[in-house]
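What follows is one structure encoded as structure tokens, with my remarks underneath.
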Number of protein chains: 2
Amino acid sequence: MDLVQRAREGDRRALARLITVVENQEPEAVDFLQEMYPHTGKAQVIGITGPPGSGKSTLTDKLVKELSKRGQKIGIIAVDPTSPFTGGAILGDRVRMSDLNLDENVYIRSMGARGSLGGLAETTNDVIKILDACDFDYIFIETVGVGQSEVEIINAADTVLVVMVPGLGDDIQAIKAGILEIGDIFVVNKADREGANKVVLELQMMLDLKGEKSGWETPIFMSDATESKGIIEIVDGILEHFTYLKQSGELWTTRRNKLEKELLAIVSKKLYTQMLQRVKQEKKLNEYLDCIMRKETNPYSVVELLIKDLMPR
Amino acid sequence: MDLVQRAREGDRRALARLITVVENQEPEAVDFLQEMYPHTGKAQVIGITGPPGSGKSTLTDKLVKELSKRGQKIGIIAVDPTSPFTGGAILGDRVRMSDLNLDENVYIRSMGARGSLGGLAETTNDVIKILDACDFDYIFIETVGVGQSEVEIINAADTVLVVMVPGLGDDIQAIKAGILEIGDIFVVNKADREGANKVVLELQMMLDLKGEKSGWETPIFMSDATESKGIIEIVDGILEHFTYLKQSGELWTTRRNKLEKELLAIVSKKLYTQMLQRVKQEKKLNEYLDCIMRKETNPYSVVELLIKDLMPR
């Protein structure tokens, strides 16, 4: 029996191996992904993001525990796109510690940035498909930071949950732009802290100002994840959002849009690789480079020449 | 007289406008860059990077002040690639405060991440070319953080100066990989703090372990930038590195390699745009997308079909 079948029948070691094959872009990766593709599309993908220290991991754990209690199968992808430079790689390579590791309904996978950031978003997408094909009902993507790359990764989610926390002060004004765009559900965590109500109010005001772009009324929940407070409401909110997405037809539309982007990104990457091979075969490139270095021509004119060469009308 | 000429003759308002035109990719941008290209290639580009709180800005200020005292013209590009999400945009958009603003030999420009990260690295490159063509002798690129994107930006530098600081503890082991690769000069700043000697020793050990890949022996300087201590030695080190690069021929080789990458990146971006236009004209794309959504085919097979279509052998 092949790896895909074994993974789909619940063999966790096969699943782990499958993900590694895809992560490392081993030659069989595409075949495996192709084999799994027909079985994808059922899971709800939930992205969890928010500033560092907002308690994302604890909150994710509690949400997952609640879903597991309801008999669901859940996958968690913990992504850390921080570069080795900041020491983030340690976090990324660290196995995410949690008592969920003992839960049979739950599978946890940590992913760090090995290659480029774009690559990480792409791999995350593939890992989602693997878990989806292996009949996980809910897939959580949890990112460590809140940078540009995290936004790209979180983009794979059907439902984006943004975790806020009191004590960010006036910074909330600063982050509103990015945050309002991507959040489907807001959670003000550590709600026992002073200022929680103010954060809720500010968020509510900003959401009101923005206006609803769809039929979904973005909810704001309060929670205290370490004390397991507010968890059930948030889980219900997550399920409700998926129901909304399906009933409104938005799920189909947005998934189709994402598919289009994904497809074009892959095509572009492949085209680039092929172009690179062709250009490098041509001796012209070296001549061009030398001419530019000697300032006899400039990069902008050479680009035009190369394009004409490579893409005849 | 056109903008380029005015900027090259020292008109700071023309220079600022020129940079804005390029930053915003206004239609004239390429013409301007083409016009300036023959005048580029003389300046030494110095990248300053290091963990937050290491005193990069203060150090840069002092180095620039020393160079200005020596009668040189210096440009500073302060780049903050952090996304709006983290509040970093405030820093990026903030005008970099410094008494250097009053120095006639110095021009300071702040740049934030407006579009994609790749875009920011590309724009930084263009701004370097503008300053270079306007006869700035030294161009400093100072990045706020130390992530993957900063590494891409700093890649434009001839000389990379990595600023370390005592008190990072064992983290130094963690960041060695990225740091050792890119640093031409190391500075242990805030050297009055406890542990400075230890940081120097650790760095030295790591550099010894790595071995020299070229004829340049990577120096490690100690400084206390707020007290202006160690500045002259570092400036001399920076100049020495440029002399080394020129005499060894490394400057030509690495600039040629960077040019090649830059060129191929631009070509690839343009090809992608053209491909996008072509693919979108074809009605096929929509049919493909629907088939994939209905699981009648999969993205991987469609990619093959599209590639065959777009890039006939």
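Residue names in the structure tokens use chain letters A, B, ... in the order shown, residue numbers from 1 in each chain, and ligand numbers from 1 in the order shown.
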message = Just want the 8 Å neighbourhood of region 45-56 of chain A, counted on only C-alpha atoms, with same-chain residues fewer than 2 positions away dropped. Output as a PyMOL selection string.
response = (chain A and resi 43+58-60+128+138-146+150+154-165+189-190+225) or (chain B and resi 86)
ask   = What's the 12 Å shell around Leu100 (chain A), counting only C-alpha atoms, without same-chain residues fewer than 6 positions away, as a PyMOL selection string?
value = chain A and resi 57-58+60-69+73-76+106-109
key: Length of the CA of Ile220 (chain A) to CA of Ala78 (chain A) vector [Å]   =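 Straight-line distance from CA of Ile220 (chain A) to CA of Ala78 (chain A) works out to 23.6 Å.
Counting only C-alpha atoms and comparing B:Thr20, B:Ser223, B:Gln5, B:Thr273, the residue that lies closest to Ser110 (chain B) is B:Thr20.
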Among listed residues A:Asp192, A:Asp309, A:Asp224, A:Asp137, nearest chain B (using only C-alpha atoms) = A:Asp309
request  = Run DSSP on the backbone and grab whatever in region 107-303 of chain B lands in strand (DSSP E); send it over as number ranges by chain.
outcome  = B: 107-112, 138-143, 159-164, 185-188, 220-222
inquiry  = Would you pick out the contacts of Leu263 (chain B) at 10 Å or less, using only C-alpha atoms, so that residues sharing its chain but fewer than 6 positions from it are not included, and give the list as a PyMOL selection string?
reply    = (chain A and resi 285+289+299-300+302-303+306) or (chain B and resi 257+269)
Save the residues we just selected, N, CA and C atoms, as a compact mmCIF listing (two decimals), in the first residue's frame?
```
# COMPACT_ATOMS: atom_id res chain seq x y z
N LEU A 285 23.75 36.29 -22.84
CA LEU A 285 23.59 36.86 -21.50
C LEU A 285 24.91 37.40 -20.97
N LEU A 289 25.81 41.20 -19.96
CA LEU A 289 26.28 41.58 -18.62
C LEU A 289 27.56 42.40 -18.69
N PRO A 299 20.75 48.08 -17.80
CA PRO A 299 19.92 46.91 -17.54
C PRO A 299 18.53 47.00 -18.18
N TYR A 300 18.00 48.22 -18.24
CA TYR A 300 16.63 48.40 -18.68
C TYR A 300 16.46 48.08 -20.17
N VAL A 302 18.51 46.06 -21.83
CA VAL A 302 18.77 44.63 -21.99
C VAL A 302 17.54 43.81 -21.64
N VAL A 303 16.81 44.25 -20.61
CA VAL A 303 15.58 43.55 -20.24
C VAL A 303 14.64 43.48 -21.44
N LEU A 306 15.87 40.89 -23.93
CA LEU A 306 15.67 39.52 -23.45
C LEU A 306 14.21 39.09 -23.56
N ASN B 257 27.65 39.52 -10.56
CA ASN B 257 26.72 38.47 -10.13
C ASN B 257 25.38 39.06 -9.69
N LYS B 269 9.79 38.99 -13.78
CA LYS B 269 8.61 39.74 -13.37
C LYS B 269 7.81 40.20 -14.59
```
